[in-house]
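> Here you go, one structure.
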Amino acid sequence: MFAVFLHQIKGLLTMLEHSEENGVSVVNFQHARILDEATVQSLGSELVEAGARAKSGKLLLNFSNVLLMSSAMIGKLVVLRNRCKKNGIQLAFCGITSNVAEVFKIMKINELVEIYSDQASALTAMQEV
């Protein structure tokens with residue numbers, strides 16, 4: 001009974017929504033502002049788990065709900081990118097808002113990861129690889 005309760009609490013605390021579409025593991029961020037350290041740490045852990053669960057070898061992060069993101073979160077994304085590369089997982093981002101796009105450009109994330117305007121175009125491109 002206690003284990004079920006803990007699982008329900010953990011489910012309420014999740015910051016990412018996971019789905020599988022056309023053989024691609026898709027992760028949608030649920031928070032608009034990823035700024036505080038606790039949120040960044042939690043998301044970092046969830047992203048590592050998502051990468052490990054990407055059975056198809058394809059992982060798409062959808063940022064359409066994200067308006068602001070701290071530089072610490074950028075670090076977590078770089079760690080995820082490096083793990084995906086090491087494990088042969090194709091990683092892509094989509095739905096980047098203008099504020100986040102500016103940060104990605106400054107931090108040169110766009111040189112490390114394929115970025116698509118929306119989820120549909122990302123899924124199409126990832127199917128071709």
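Ordering of the structure tokens sets the chain letters (A, B, ...), residue numbers begin anew at 1 in every chain, and ligands are numbered from 1 in the order given.
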Give me, as a Markdown table, the closest atom pair and its distance (Å, one decimal) for every residue of range 77-123 of chain A within a cut-off of 7 Å of range 41-59 of chain A, counting only C-alpha atoms, rows sorted by chain and rising number.

| residue | atom | partner | partner_atom | distance |
| --- | --- | --- | --- | --- |
| A:Leu80 | CA | A:Val48 | CA | 6.2 |
| A:Cys84 | CA | A:Gly51 | CA | 6.7 |
| A:Gly88 | CA | A:Gly57 | CA | 6.8 |
| A:Ile89 | CA | A:Gly57 | CA | 4.4 |
| A:Gln90 | CA | A:Lys58 | CA | 4.6 |
| A:Leu91 | CA | A:Leu59 | CA | 4.9 |
| A:Ala92 | CA | A:Leu59 | CA | 6.4 |
> Considering only C-alpha atoms, return as a list in words whatever protein or nucleic-acid residues lie within 9 Å of Thr97 in chain A, sequence-local ones (same chain, fewer than 4 positions apart) excluded.
Phe63, Ser64, Asn65, Val66, Leu67, Leu68, Ala101 and Glu102 of chain A
> To test your reading of the structure, identify every residue in chain A that backbone DSSP assigns to helix (DSSP H, G or I), and report it as number ranges by chain.
A: 2-13, 37-53, 71-86, 98-106, 109-111, 119-128
> For a quick check of understanding, using only C-alpha atoms, which of A:Ala38, A:Val24, A:Phe93, A:Met15 has the smallest distance to Tyr116 in chain A?
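Ranking A:Ala38, A:Val24, A:Phe93, A:Met15 by distance to Tyr116 in chain A, first place goes to A:Phe93.
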> Which of chain A counts as strand (DSSP E) under DSSP, as a count of residues only please?
29
> Give me the residues within 8 Å of Arg81 in chain A as a tab-separated table (two decimals) with C-alpha atoms, in the first residue's frame, counting only C-alpha atoms and dropping any in the same chain fewer than 4 places off.

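Wrote it out as around_19.tsv, contents follow:
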chain	number	residue	atom	x	y	z
A	77	LEU	CA	20.94	19.19	-21.67
A	85	LYS	CA	25.87	10.32	-28.34
A	91	LEU	CA	18.65	13.33	-29.90
A	112	LEU	CA	25.31	20.16	-30.84
A	113	VAL	CA	21.71	19.04	-31.42
> Rank nothing, just name the residue among A:Val78, A:Asn87, A:Gln127, A:Val40 nearest to Glu111 in chain A, using only C-alpha atoms.
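Nearest to Glu111 in chain A: A:Val78.
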> Do you have the CA of Asn99 in chain A-CA of Ala122 in chain A distance handy?
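Going from CA of Asn99 in chain A over to CA of Ala122 in chain A covers 19.9 Å.
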